[in-house]
Each structure stands twice: as structure tokens, then as C-alpha cells.
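Student: JSON, C-alpha atoms, file query_8.json:
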[["chain", "number", "residue", "atom", "x", "y", "z"],
["A", 264, "MET", "CA", 0.00, 0.00, 0.00],
["A", 265, "ILE", "CA", 1.36, 3.38, -1.02],
["A", 266, "ALA", "CA", 0.01, 6.90, -0.37],
["A", 267, "ARG", "CA", 0.98, 9.82, -2.59],
["A", 268, "ALA", "CA", 0.33, 13.51, -2.01],
["A", 269, "PRO", "CA", 1.31, 16.29, -4.40],
["A", 270, "GLY", "CA", 3.49, 19.27, -3.67],
["A", 271, "LYS", "CA", 2.21, 22.78, -4.27],
["A", 272, "LEU", "CA", 2.86, 26.09, -5.97],
["A", 273, "MET", "CA", 1.54, 29.36, -4.57],
["A", 274, "LEU", "CA", -0.03, 31.15, -7.52],
["A", 275, "ALA", "CA", -1.13, 34.30, -5.69],
["A", 276, "GLY", "CA", -1.77, 35.71, -2.23],
["A", 277, "GLU", "CA", 1.62, 35.25, -0.54],
["A", 278, "TYR", "CA", 1.97, 36.84, 2.92],
["A", 279, "ALA", "CA", -1.45, 38.51, 2.63],
["A", 280, "VAL", "CA", -3.20, 35.14, 3.13],
["A", 281, "LEU", "CA", -1.89, 35.24, 6.71],
["A", 282, "HIS", "CA", -3.96, 38.38, 7.28],
["A", 283, "GLY", "CA", -7.39, 37.54, 5.91],
["A", 284, "ALA", "CA", -6.78, 37.82, 2.16],
["A", 285, "PRO", "CA", -7.50, 34.97, -0.30],
["A", 286, "ALA", "CA", -4.81, 32.84, -1.92],
["A", 287, "LEU", "CA", -4.65, 30.59, -4.95],
["A", 288, "VAL", "CA", -2.60, 27.40, -4.60],
["A", 289, "MET", "CA", -1.95, 24.67, -7.16],
["A", 290, "ALA", "CA", -1.21, 21.01, -6.44],
["A", 291, "VAL", "CA", 1.59, 19.85, -8.73],
["A", 292, "SER", "CA", 2.92, 16.70, -10.32],
["A", 293, "ARG", "CA", 5.69, 15.87, -7.84],
["A", 294, "HIS", "CA", 4.71, 13.82, -4.83],
["A", 295, "ALA", "CA", 5.54, 12.82, -1.30],
["A", 296, "VAL", "CA", 5.32, 9.02, -1.07],
["A", 297, "VAL", "CA", 4.54, 7.02, 2.08],
["A", 298, "ARG", "CA", 4.76, 3.24, 2.30],
["A", 299, "ALA", "CA", 5.41, 0.53, 4.86],
["A", 300, "ARG", "CA", 9.00, 0.43, 6.07],
["A", 301, "ARG", "CA", 11.04, -2.38, 4.54],
["A", 302, "GLU", "CA", 14.14, -4.14, 5.73],
["A", 303, "GLY", "CA", 17.12, -2.05, 4.75],
["A", 304, "ASP", "CA", 15.27, 1.29, 4.86],
["A", 305, "ARG", "CA", 17.18, 3.95, 6.73],
["A", 306, "ALA", "CA", 15.75, 4.49, 10.20],
["A", 307, "ARG", "CA", 14.41, 8.01, 10.67],
["A", 308, "GLU", "CA", 12.30, 9.74, 13.28],
["A", 309, "LEU", "CA", 8.91, 10.96, 12.15],
["A", 310, "PRO", "CA", 8.98, 14.64, 11.14],
["A", 311, "PRO", "CA", 7.35, 16.75, 13.86],
["A", 312, "GLU", "CA", 4.63, 17.83, 11.44],
["A", 313, "VAL", "CA", 3.67, 14.20, 10.83],
["A", 314, "SER", "CA", 3.68, 13.36, 14.55],
["A", 315, "ALA", "CA", 1.49, 16.38, 15.25],
["A", 316, "THR", "CA", -0.89, 15.41, 12.45],
["A", 317, "PHE", "CA", -1.24, 11.89, 13.84],
["A", 318, "ALA", "CA", -1.84, 13.35, 17.31],
["A", 319, "TRP", "CA", -4.57, 15.65, 15.99],
["A", 320, "ALA", "CA", -6.27, 12.76, 14.17],
["A", 321, "LEU", "CA", -6.16, 10.74, 17.40],
["A", 322, "GLU", "CA", -7.76, 13.61, 19.31],
["A", 323, "GLU", "CA", -10.53, 13.75, 16.71],
["A", 324, "GLY", "CA", -11.10, 10.04, 17.11],
["A", 325, "TRP", "CA", -10.48, 9.53, 13.40],
["A", 326, "LEU", "CA", -7.27, 7.56, 13.84],
["A", 327, "LYS", "CA", -7.19, 4.65, 16.30],
["A", 328, "ARG", "CA", -3.41, 4.31, 16.60],
["A", 329, "ALA", "CA", -0.59, 6.47, 15.33],
["A", 330, "PRO", "CA", 2.01, 4.59, 13.29],
["A", 331, "SER", "CA", 5.55, 4.68, 14.66],
["A", 332, "ALA", "CA", 8.65, 5.70, 12.75],
["A", 333, "GLY", "CA", 9.57, 2.05, 12.44],
["A", 334, "GLU", "CA", 6.38, 1.25, 10.52],
["A", 335, "LEU", "CA", 6.49, 3.66, 7.61],
["A", 336, "THR", "CA", 8.87, 5.41, 5.25],
["A", 337, "ILE", "CA", 8.31, 8.95, 3.98],
["A", 338, "GLU", "CA", 10.00, 9.74, 0.69],
["A", 339, "LEU", "CA", 10.33, 13.41, -0.29],
["A", 340, "ALA", "CA", 13.08, 13.21, -2.92],
["A", 341, "ALA", "CA", 10.72, 14.15, -5.76],
["A", 342, "LEU", "CA", 10.14, 17.52, -4.10],
["A", 343, "ALA", "CA", 13.84, 18.42, -4.19],
["A", 344, "ASP", "CA", 16.34, 19.00, -6.98],
["A", 345, "ASP", "CA", 18.93, 16.47, -8.08],
["A", 346, "GLY", "CA", 21.27, 17.63, -5.33],
["A", 347, "GLY", "CA", 18.67, 17.22, -2.60],
["A", 348, "LYS", "CA", 17.87, 20.91, -2.19],
["A", 349, "LYS", "CA", 14.22, 21.63, -1.41],
["A", 350, "LEU", "CA", 12.47, 23.34, -4.31],
["A", 351, "GLY", "CA", 9.91, 25.13, -2.15],
["A", 352, "LEU", "CA", 7.04, 22.85, -3.19],
["A", 353, "GLY", "CA", 5.64, 22.23, 0.29],
["A", 354, "SER", "CA", 7.39, 18.95, 1.03],
["A", 355, "SER", "CA", 6.52, 18.89, 4.74],
["A", 356, "ALA", "CA", 2.85, 19.56, 3.98],
["A", 357, "ALA", "CA", 2.74, 16.84, 1.34],
["A", 358, "GLY", "CA", 4.45, 14.44, 3.73],
["A", 359, "CYS", "CA", 1.81, 15.11, 6.41],
["A", 360, "VAL", "CA", -1.04, 14.55, 3.98],
["A", 361, "ALA", "CA", 0.40, 11.33, 2.54],
["A", 362, "ALA", "CA", 1.27, 9.96, 6.00],
["A", 363, "LEU", "CA", -2.24, 10.54, 7.34],
["A", 364, "ALA", "CA", -3.82, 8.98, 4.26],
["A", 365, "TRP", "CA", -1.54, 5.94, 4.64],
["A", 366, "ALA", "CA", -2.35, 5.58, 8.34],
["A", 367, "LEU", "CA", -6.10, 5.77, 7.70],
["A", 368, "ALA", "CA", -5.92, 3.28, 4.85],
["A", 369, "ARG", "CA", -3.92, 0.89, 7.03],
["A", 370, "GLU", "CA", -6.79, 0.95, 9.52],
["A", 371, "GLY", "CA", -9.29, 0.07, 6.82],
["A", 372, "THR", "CA", -10.53, 3.43, 5.54],
["A", 373, "THR", "CA", -11.46, 2.68, 1.94],
["A", 374, "THR", "CA", -12.77, 6.08, 0.84],
["A", 375, "LEU", "CA", -10.76, 9.17, 1.76],
["A", 376, "ASP", "CA", -12.67, 12.20, 2.98],
["A", 377, "ARG", "CA", -10.22, 14.65, 1.42],
["A", 378, "THR", "CA", -11.77, 17.72, 3.00],
["A", 379, "ARG", "CA", -11.56, 16.27, 6.50],
["A", 380, "LEU", "CA", -8.06, 15.03, 5.79],
["A", 381, "ALA", "CA", -7.05, 18.48, 4.55],
["A", 382, "LEU", "CA", -8.33, 20.21, 7.69],
["A", 383, "THR", "CA", -6.85, 17.63, 10.06],
["A", 384, "ALA", "CA", -3.42, 17.67, 8.42],
["A", 385, "ARG", "CA", -3.49, 21.47, 8.29],
["A", 386, "ALA", "CA", -4.18, 21.64, 12.02],
["A", 387, "GLY", "CA", -1.36, 19.22, 12.83],
["A", 388, "HIS", "CA", 1.08, 20.92, 10.47],
["A", 389, "ARG", "CA", 0.34, 24.35, 11.95],
["A", 390, "ARG", "CA", 0.67, 23.00, 15.49],
["A", 391, "ALA", "CA", 4.15, 21.66, 14.74],
["A", 392, "GLN", "CA", 5.31, 24.76, 12.91],
["A", 393, "GLY", "CA", 3.84, 27.22, 15.38],
["A", 394, "GLY", "CA", 1.66, 28.94, 12.79],
["A", 395, "GLY", "CA", 1.49, 29.47, 9.06],
["A", 396, "SER", "CA", -1.53, 29.53, 6.79],
["A", 397, "GLY", "CA", -1.51, 25.83, 5.96],
["A", 398, "VAL", "CA", -2.85, 26.46, 2.47],
["A", 399, "ASP", "CA", -0.14, 24.19, 1.08],
["A", 400, "VAL", "CA", -1.70, 21.33, 3.06],
["A", 401, "LEU", "CA", -5.12, 22.11, 1.60],
["A", 402, "ALA", "CA", -3.82, 21.98, -1.97],
["A", 403, "SER", "CA", -1.92, 18.75, -1.35],
["A", 404, "ALA", "CA", -4.99, 17.00, 0.00],
["A", 405, "LEU", "CA", -7.60, 18.39, -2.39],
["A", 406, "GLY", "CA", -5.65, 18.66, -5.65],
["A", 407, "GLY", "CA", -6.14, 21.02, -8.58],
["A", 408, "VAL", "CA", -6.15, 24.78, -8.05],
["A", 409, "VAL", "CA", -7.55, 25.74, -4.65],
["A", 410, "ARG", "CA", -8.84, 29.15, -3.67],
["A", 411, "ALA", "CA", -8.25, 29.34, 0.09],
["A", 412, "HIS", "CA", -9.55, 32.07, 2.37],
["A", 413, "LEU", "CA", -9.19, 32.45, 6.14],
["A", 414, "PRO", "CA", -11.54, 35.39, 6.77],
["A", 415, "ASP", "CA", -11.67, 34.99, 10.57],
["A", 416, "GLY", "CA", -7.95, 34.61, 11.10],
["A", 417, "LEU", "CA", -5.62, 31.64, 11.02],
["A", 418, "ASP", "CA", -7.52, 29.75, 13.71],
["A", 419, "GLY", "CA", -10.96, 30.50, 12.28],
["A", 420, "ARG", "CA", -13.00, 28.86, 9.58],
["A", 421, "VAL", "CA", -11.37, 27.75, 6.34],
["A", 422, "GLU", "CA", -13.12, 28.54, 3.07],
["A", 423, "VAL", "CA", -11.99, 26.57, 0.03],
["A", 424, "GLY", "CA", -13.08, 26.54, -3.59],
["A", 425, "SER", "CA", -11.69, 25.05, -6.77],
["A", 426, "ARG", "CA", -10.63, 26.66, -10.02],
["A", 427, "ALA", "CA", -10.16, 25.12, -13.44],
["A", 428, "TRP", "CA", -6.71, 25.42, -15.01],
["A", 429, "SER", "CA", -6.55, 25.96, -18.75],
["A", 430, "ALA", "CA", -3.95, 24.05, -20.76],
["A", 431, "GLU", "CA", -3.84, 27.12, -23.02],
["A", 432, "ILE", "CA", -2.08, 29.25, -20.40],
["A", 433, "PRO", "CA", 1.61, 29.68, -21.40],
["A", 434, "TRP", "CA", 3.54, 29.22, -18.17],
["A", 435, "ARG", "CA", 6.65, 27.63, -16.70],
["A", 436, "VAL", "CA", 8.20, 27.08, -13.30],
["A", 437, "LEU", "CA", 11.71, 28.44, -12.66],
["A", 438, "TRP", "CA", 14.21, 27.26, -10.04],
["A", 439, "SER", "CA", 16.86, 29.64, -8.73],
["A", 440, "GLY", "CA", 19.10, 26.90, -7.36],
["A", 441, "THR", "CA", 19.00, 28.51, -3.92],
["A", 442, "PRO", "CA", 16.45, 27.44, -1.30],
["A", 443, "ALA", "CA", 14.99, 30.14, 0.92],
["A", 444, "ARG", "CA", 14.13, 30.01, 4.63],
["A", 445, "THR", "CA", 10.47, 30.95, 4.77],
["A", 446, "SER", "CA", 10.58, 31.55, 8.53],
["A", 447, "ASP", "CA", 13.32, 34.19, 8.15],
["A", 448, "MET", "CA", 11.34, 36.05, 5.49],
["A", 449, "ILE", "CA", 8.11, 35.98, 7.50],
["A", 450, "ALA", "CA", 9.93, 37.19, 10.63],
["A", 451, "LYS", "CA", 11.22, 40.28, 8.80],
["A", 452, "VAL", "CA", 7.78, 40.99, 7.37],
["A", 453, "ASP", "CA", 6.25, 40.68, 10.86],
["A", 454, "VAL", "CA", 8.74, 43.27, 12.14],
["A", 455, "LEU", "CA", 7.61, 45.63, 9.38],
["A", 456, "ARG", "CA", 3.95, 45.03, 10.21],
["A", 457, "ALA", "CA", 4.59, 45.95, 13.85],
["A", 458, "ARG", "CA", 6.68, 48.97, 12.90],
["A", 459, "ASP", "CA", 4.56, 50.38, 10.07],
["A", 460, "ALA", "CA", 1.04, 48.98, 10.08],
["A", 461, "GLY", "CA", -0.10, 51.44, 7.42],
["A", 462, "ALA", "CA", 2.55, 50.37, 4.92],
["A", 463, "PHE", "CA", 1.77, 46.73, 5.58],
["A", 464, "ALA", "CA", -1.96, 47.28, 5.11],
["A", 465, "GLY", "CA", -1.21, 48.89, 1.77],
["A", 466, "PHE", "CA", 0.73, 45.81, 0.75],
["A", 467, "VAL", "CA", -2.16, 43.52, 1.73],
["A", 468, "ARG", "CA", -4.52, 45.62, -0.38],
["A", 469, "ALA", "CA", -2.18, 45.49, -3.38],
["A", 470, "VAL", "CA", -1.73, 41.72, -3.16],
["A", 471, "THR", "CA", -5.45, 41.14, -2.60],
["A", 472, "GLU", "CA", -6.26, 43.16, -5.71],
["A", 473, "ALA", "CA", -3.64, 41.28, -7.75],
["A", 474, "THR", "CA", -4.94, 37.95, -6.46],
["A", 475, "GLU", "CA", -8.54, 38.76, -7.31],
["A", 476, "THR", "CA", -7.46, 39.93, -10.76],
["A", 477, "PHE", "CA", -5.51, 36.69, -11.26],
["A", 478, "ASP", "CA", -8.56, 34.71, -10.12],
["A", 479, "ALA", "CA", -10.90, 36.54, -12.48],
["A", 480, "ALA", "CA", -8.48, 36.16, -15.38],
["A", 481, "LEU", "CA", -8.12, 32.44, -14.66],
["A", 482, "ARG", "CA", -11.89, 31.93, -14.63],
["A", 483, "ALA", "CA", -12.25, 33.90, -17.87],
["A", 484, "ALA", "CA", -9.19, 32.31, -19.50],
["A", 485, "ASP", "CA", -7.96, 35.87, -20.14],
["A", 486, "VAL", "CA", -4.21, 35.39, -20.52],
["A", 487, "PRO", "CA", -3.22, 39.08, -21.00],
["A", 488, "ALA", "CA", -5.12, 40.02, -17.82],
["A", 489, "LEU", "CA", -3.46, 37.15, -15.99],
["A", 490, "VAL", "CA", 0.01, 38.35, -17.07],
["A", 491, "ARG", "CA", -0.81, 41.88, -15.89],
["A", 492, "SER", "CA", -1.91, 40.53, -12.52],
["A", 493, "VAL", "CA", 1.39, 38.66, -12.16],
["A", 494, "THR", "CA", 3.31, 41.89, -12.84],
["A", 495, "ALA", "CA", 1.25, 43.71, -10.21],
["A", 496, "HIS", "CA", 1.75, 40.91, -7.71],
["A", 497, "CYS", "CA", 5.52, 40.87, -8.25],
["A", 498, "ASP", "CA", 5.68, 44.66, -7.87],
["A", 499, "ALA", "CA", 3.82, 44.44, -4.55],
["A", 500, "MET", "CA", 6.11, 41.67, -3.28],
["A", 501, "ARG", "CA", 9.20, 43.62, -4.31],
["A", 502, "ALA", "CA", 7.93, 46.72, -2.49],
["A", 503, "LEU", "CA", 7.20, 44.67, 0.62],
["A", 504, "GLY", "CA", 10.68, 43.17, 0.56],
["A", 505, "GLU", "CA", 12.33, 46.55, 0.19],
["A", 506, "ARG", "CA", 10.39, 47.95, 3.16],
["A", 507, "ALA", "CA", 11.03, 44.86, 5.28],
["A", 508, "GLY", "CA", 14.70, 44.43, 4.36],
["A", 509, "ALA", "CA", 14.03, 40.95, 3.00],
["A", 510, "PRO", "CA", 15.02, 39.73, -0.48],
["A", 511, "ILE", "CA", 11.50, 38.55, -1.36],
["A", 512, "VAL", "CA", 12.17, 39.46, -4.98],
["A", 513, "THR", "CA", 15.86, 38.73, -5.48],
["A", 514, "PRO", "CA", 18.02, 40.99, -7.70],
["A", 515, "GLU", "CA", 18.13, 38.23, -10.32],
["A", 516, "LEU", "CA", 14.34, 37.93, -10.38],
["A", 517, "ALA", "CA", 13.93, 41.72, -10.52],
["A", 518, "ARG", "CA", 16.26, 41.91, -13.52],
["A", 519, "LEU", "CA", 14.39, 39.09, -15.21],
["A", 520, "ALA", "CA", 11.03, 40.78, -14.61],
["A", 521, "ALA", "CA", 12.28, 43.98, -16.25],
["A", 522, "ALA", "CA", 13.87, 42.11, -19.15],
["A", 523, "ILE", "CA", 10.81, 40.06, -20.10],
["A", 524, "GLU", "CA", 8.09, 42.69, -19.74],
["A", 525, "PRO", "CA", 8.63, 43.90, -23.36],
["A", 526, "PHE", "CA", 8.02, 40.33, -24.56],
["A", 527, "GLY", "CA", 4.57, 40.28, -22.97],
["A", 528, "ALA", "CA", 5.72, 38.11, -20.08],
["A", 529, "ALA", "CA", 5.81, 38.38, -16.29],
["A", 530, "VAL", "CA", 7.34, 36.52, -13.37],
["A", 531, "LYS", "CA", 6.73, 36.38, -9.63],
["A", 532, "PRO", "CA", 8.00, 34.38, -6.64],
["A", 533, "SER", "CA", 5.92, 31.37, -5.68],
["A", 534, "GLY", "CA", 5.79, 31.37, -1.91],
["A", 535, "ALA", "CA", 7.86, 33.46, 0.45],
["A", 536, "GLY", "CA", 10.45, 34.43, -2.16],
["A", 537, "GLY", "CA", 14.15, 34.89, -1.61],
["A", 538, "GLY", "CA", 14.96, 32.03, -3.97],
["A", 539, "ASP", "CA", 13.10, 28.76, -4.40],
["A", 540, "VAL", "CA", 10.72, 28.53, -7.34],
["A", 541, "SER", "CA", 9.14, 31.34, -9.36],
["A", 542, "LEU", "CA", 6.29, 31.39, -11.86],
["A", 543, "LEU", "CA", 6.69, 32.63, -15.42],
["A", 544, "PHE", "CA", 3.65, 33.57, -17.54],
["A", 545, "ALA", "CA", 3.43, 34.97, -21.06],
["A", 546, "HIS", "CA", 0.89, 36.13, -23.65],
["A", 547, "ASP", "CA", 1.81, 33.30, -26.04],
["A", 548, "ARG", "CA", 4.22, 30.41, -26.52],
["A", 549, "GLY", "CA", 6.72, 32.48, -28.47],
["A", 550, "ALA", "CA", 6.93, 35.06, -25.70],
["A", 551, "LEU", "CA", 7.25, 32.25, -23.16],
["A", 552, "ASP", "CA", 10.25, 30.82, -25.02],
["A", 553, "GLU", "CA", 11.92, 34.23, -25.22],
["A", 554, "ALA", "CA", 11.33, 34.80, -21.52],
["A", 555, "THR", "CA", 12.70, 31.35, -20.69],
["A", 556, "ARG", "CA", 15.92, 32.13, -22.57],
["A", 557, "ALA", "CA", 16.22, 35.36, -20.58],
["A", 558, "ALA", "CA", 15.67, 33.40, -17.38],
["A", 559, "SER", "CA", 18.48, 31.02, -18.31],
["A", 560, "GLN", "CA", 20.84, 33.99, -18.67],
["A", 561, "GLU", "CA", 19.99, 34.98, -15.09],
["A", 562, "GLY", "CA", 20.80, 31.49, -13.83],
["A", 563, "PHE", "CA", 17.29, 30.04, -13.58],
["A", 564, "THR", "CA", 16.42, 26.55, -14.75],
["A", 565, "VAL", "CA", 13.04, 25.16, -15.73],
["A", 566, "VAL", "CA", 11.30, 22.65, -13.45],
["A", 567, "ASP", "CA", 8.89, 20.40, -15.34],
["A", 568, "LEU", "CA", 5.62, 20.57, -13.43],
["A", 569, "GLU", "CA", 1.97, 20.19, -14.28],
["A", 570, "PRO", "CA", -1.15, 20.60, -12.17],
["A", 571, "ASP", "CA", -2.15, 17.53, -10.19],
["A", 572, "PRO", "CA", -5.95, 17.39, -10.39],
["A", 573, "HIS", "CA", -6.42, 14.53, -7.93],
["A", 574, "GLY", "CA", -4.78, 15.39, -4.61],
["A", 575, "VAL", "CA", -3.85, 12.68, -2.12],
["A", 576, "ALA", "CA", -4.40, 9.09, -3.22],
["A", 577, "VAL", "CA", -3.76, 5.58, -1.88],
["A", 578, "SER", "CA", -3.02, 2.60, -4.11],
["A", 579, "LEU", "CA", -2.53, -1.09, -3.37],
["A", 580, "GLU", "CA", 0.73, -1.34, -5.25],
["A", 581, "ASP", "CA", 3.26, -4.09, -4.70],
["A", 582, "GLU", "CA", 5.86, -2.60, -2.39],
["A", 583, "ALA", "CA", 8.38, -5.40, -2.83]]
Take the structure from the file and write it as C-alpha cells.
Tutor:
Amino acid sequence: MIARAPGKLMLAGEYAVLHGAPALVMAVSRHAVVRARREGDRARELPPEVSATFAWALEEGWLKRAPSAGELTIELAALADDGGKKLGLGSSAAGCVAALAWALAREGTTTLDRTRLALTARAGHRRAQGGGSGVDVLASALGGVVRAHLPDGLDGRVEVGSRAWSAEIPWRVLWSGTPARTSDMIAKVDVLRARDAGAFAGFVRAVTEATETFDAALRAADVPALVRSVTAHCDAMRALGERAGAPIVTPELARLAAAIEPFGAAVKPSGAGGGDVSLLFAHDRGALDEATRAASQEGFTVVDLEPDPHGVAVSLEDEA
């Protein structure tokens, strides 16, 4: 028996989602894999996020017994580059989701309640990490493109919806080669919020507007409007980083954004920024190819990713 859960890309709403704004998150075609531990597997402790997720499921009465580290193996290699560096695809969230699905299936659950699983894993993941929006967990469990909104704060109700993704959208995922520490970036942004609440509120408004424009363009399959929303989102993230003293939009990404705008293309960080993966969009395939060549000159490489429409899944594959 094997459980798989996809990683994620943040399409829009970074940072602002922590403060009541909506976000759009895509599940992608690289997966955390959980299976029964075999002889010869390297012994590892359970990640704290997985232990916390099991504990939360036990408290809910959904899980009867939490698996131990000696019973399962969590494989996250697909969510890293060839050298083992995390790509920023939500590997810990995907691991939580896959581990909980595996544990439930082991106890005889034959039909996954993905919504309940998403909320349970989100609660456990947030407990272990001491906060965060948990929207990466939602995307990993539910699949596709998720619109997530936390209107009553991080501990309040969770509103989720789904969005269709058009295969006609010219886009690519870029990898900087340098992982970023999300916690460091968020800490600097929190200092800015405490120091200059007005400036931070302006940032939230700008990102919310860009996110809603992205959402509307996605629903209408309006590629030029989507590209404009990406430019606006990147501009807002760059301004936030400059005020907070955090390299949310790195110099390399800023140069790339300026270089590709004449092609009818735009780029933005996916997630906290400072490295990791970025999203490239263009008006057409020709512009996308030109922008990709410009990205290569700035040291970015393309990561082959597609939307994962299914979310977490369990299969009865031969594990031998």
C-alpha cells in the first residue's frame, strides 16, 4: 500500500493570506510518497509535522493508533532538486497529507474524505510549525487549483473553492538553485507590520487586488489580464521586501522581470520568495520561449511541473 500527495505552488496571495486575504494554490505533479517500512530502509524519526498530524487525528477520534517511525517510510526526494535541495514545493505539507492517508488506509478506511483530511493535516502541520496559513496542506490534500480564504484569522473557519486550469495558459516554473528560509522572510515581514502597520496594510490591499485579478483572469481564460496581474503581484512583493529588508524578490528575479516585460511576459515568486521557485507567464508560446531564454541567462532553470488534479491518493501497489 502506497500513499501519494502532491506538492504545491503558490499562484497568488503570498503573505497577505496570513492576514485575511485569499490565496490561490496549485497542487503539482511531484509527490511525497509514504509506504510501509522495509528491511534495509534507513531508520528516521517521524517529522514533527507528521507526529502532530497523527496526534490531531487521534484527538478527533479519526485515527485509532498512530504509526511509529519504524512502521512507515516517507519519501520526499521528488520535491527536491537532483542535489537534494528543497524546491519550495511544500514537502513537509505533502508528507503530512500522505502519511495521514496511509495511516487511515492501514486501519481500513477505503474512501478518503479529502476535505476532512485536509483540515486535520493542516491543524497538525500548523501546530508543529507554530503557525502558518496551511494552504499548502489544503492543496496537497484536495488537488487542482484551490482558492483558500481564512476570513476569521488563522484559527478561524477555512473557506476553500476550486478553479479550473486551462492548458492554453503559457507558463513555466523556474528554479533559482538557492532554497529560501520561509521563517526568516516571514519574521522580517512581521517586524515591518509591527513597525509600520499602514505600509503593511497597503501591501495587503495590493496583493489582494492582484490575487482577485488573477482569479478573475483564470476563470475567464484571459491570458493578458493574468500576465498583468502577475506583474502587479511581483511589484507588490518587491515593495514589501524593500520595506522589510528581506530579499523577497531577489536581484536576479527583478532583472528578469524587467527584461521580459517587453516580450509580454511576467514573473513572480511562488511562496515566500528569496529564492526557491518562481512562476513565469506569457501572452503566447513564443513570448514564453523568449522569456525562458532570458531566465536562463539569469541562472534560472526550468522545473517540469503540471497541475495535479487529484490530490492525495492511496493505491494497493506491490511494495516489494
Student: Sort by chain and increasing residue number a table of all residues of stretch 391-465 of chain A within 7 Å of stretch 563-566 of chain A, each with its closest pair of atoms and their distance in Å to one decimal, counting only C-alpha atoms, and write it as CSV.
Tutor:
residue,atom,partner,partner_atom,distance
A:Arg435,CA,A:Val565,CA,6.9
A:Val436,CA,A:Val566,CA,5.4
A:Leu437,CA,A:Val565,CA,4.7
A:Trp438,CA,A:Thr564,CA,5.3
A:Ser439,CA,A:Phe563,CA,4.9
Student: Give the answer as one residue: which of A:Ala443, A:Ala499, A:Ala488, A:Ala364 has the shortest atom-to-atom distance to A:Thr471, using all atoms listed in the file?
Tutor: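 Once distances to A:Thr471 are computed over all atoms listed in the file, the minimum belongs to A:Ala499.
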Student: Pick out the closest residue to A:Val398 from this set: A:Val575, A:Leu542, A:Ala299, A:Leu281. Count only C-alpha atoms.
Tutor: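 When distances to A:Val398 are compared using only C-alpha atoms, the smallest one comes from A:Leu281.
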Student: Residues near stretch 425-428 of chain A, anyone? I mean within 10 Å using all atoms listed in the file, not counting same-chain ones fewer than 6 positions away, as a list in words.
Tutor: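 Near neighbours after the sequence-gap exclusion: Leu287, Val288, Met289, Ala402, Leu405, Gly406, Gly407, Val408, Val409, Arg410, Ala411, Asp478, Leu481, Arg482, Ala484, Pro570 and Pro572 of chain A.
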Student: With distances taken over all atoms listed in the file, which residue among A:Thr383, A:Thr373, A:Gln392, A:Ser559 lies nearest A:Met264?
Tutor: A:Thr373
Student: Any idea what's packed within 12 Å of A:Val454, counting only C-alpha atoms, ignoring anything in its chain fewer than 6 positions away? Could you give it as a list in words?
Tutor: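 Contacts, in chain order: Asp447, Met448, Ala460, Ala462, Phe463, Leu503, Gly504, Arg506, Ala507, Gly508 and Ala509 of chain A.
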Student: Kindly indicate which residue among A:Gly346, A:Pro433, A:Gly333, A:Pro442 lies nearest to A:Gly534, using all atoms listed in the file for the distances.
Tutor: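 Nearest candidate to A:Gly534 out of A:Gly346, A:Pro433, A:Gly333, A:Pro442: A:Pro442.
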Student: One number please: atom CA of A:Trp319 to atom CA of A:Gly351, in Å, one decimal.
Tutor: 25.1 Å
Student: Grab the atom CA of A:Lys271 to atom CA of A:Ala357 distance for me, in Å with one decimal place.
Tutor: 8.2 Å
Student: Nearest to A:Phe466 among A:Glu524, A:Ala315, A:Gly347, A:Asp498, with distances taken over only C-alpha atoms: which residue is it?
Tutor: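 Nearest candidate to A:Phe466 out of A:Glu524, A:Ala315, A:Gly347, A:Asp498: A:Asp498.
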Student: List as a list in words the protein and nucleic acid residues near A:Ala268, meaning an atom at most 9 Å away when only C-alpha atoms are counted, but skip any in the same chain fewer than 2 places from it.
Tutor: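 After dropping sequence-adjacent residues, the list is Ala266, Gly270, Ala290, Arg293, His294, Ala295, Val296, Val297, Ala356, Ala357, Gly358, Cys359, Val360, Ala361, Ala362, Ala364, Ser403, Ala404, Gly406, Gly574, Val575, Ala576 and Val577 of chain A.
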Student: State, in Å with one decimal place, the distance from atom CA of A:Val493 to atom CA of A:Ala558.
Tutor: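 About the pair atom CA of A:Val493 and atom CA of A:Ala558: they are 16.1 Å apart.
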Student: Can you tell me, as an MDAnalysis selection string, what residues are no more than 12 Å from A:His496 when counting only C-alpha atoms, ignoring any on the same chain fewer than 2 positions away?
Tutor: chainID A and resid 273:279 286 466:477 489:494 498:503 511:512 520 529:534 542
Student: Can you work out which one of A:Phe526, A:Glu431, A:Arg328, A:Ser446 has the shortest atom-to-atom distance to A:Ala483, counting only C-alpha atoms?
Tutor: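 Smallest separation from A:Ala483 among the options: A:Glu431.
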Student: With all atoms listed in the file as the counted atoms, please give the residues lying no more than 10 Å from A:Pro311, apart from itself and same-chain residues fewer than 3 positions off, as a list of chain:residue names.
Tutor: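 Residues meeting the cut-off are A:Glu308, A:Ser314, A:Ala315, A:Thr316, A:Phe317, A:Ser355, A:Cys359, A:Gly387, A:His388, A:Arg390, A:Ala391, A:Gln392.
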Student: Taking all listed atoms of stretch 490-503 of chain A, build the axis-aligned box, pad each of the six sides by 3 Å, then write its centre and edge lengths in Å to one decimal as AutoDock Vina command-line options.
Tutor:
--center_x 3.6 --center_y 42.5 --center_z -8.2 --size_x 17.1 --size_y 14.4 --size_z 23.7
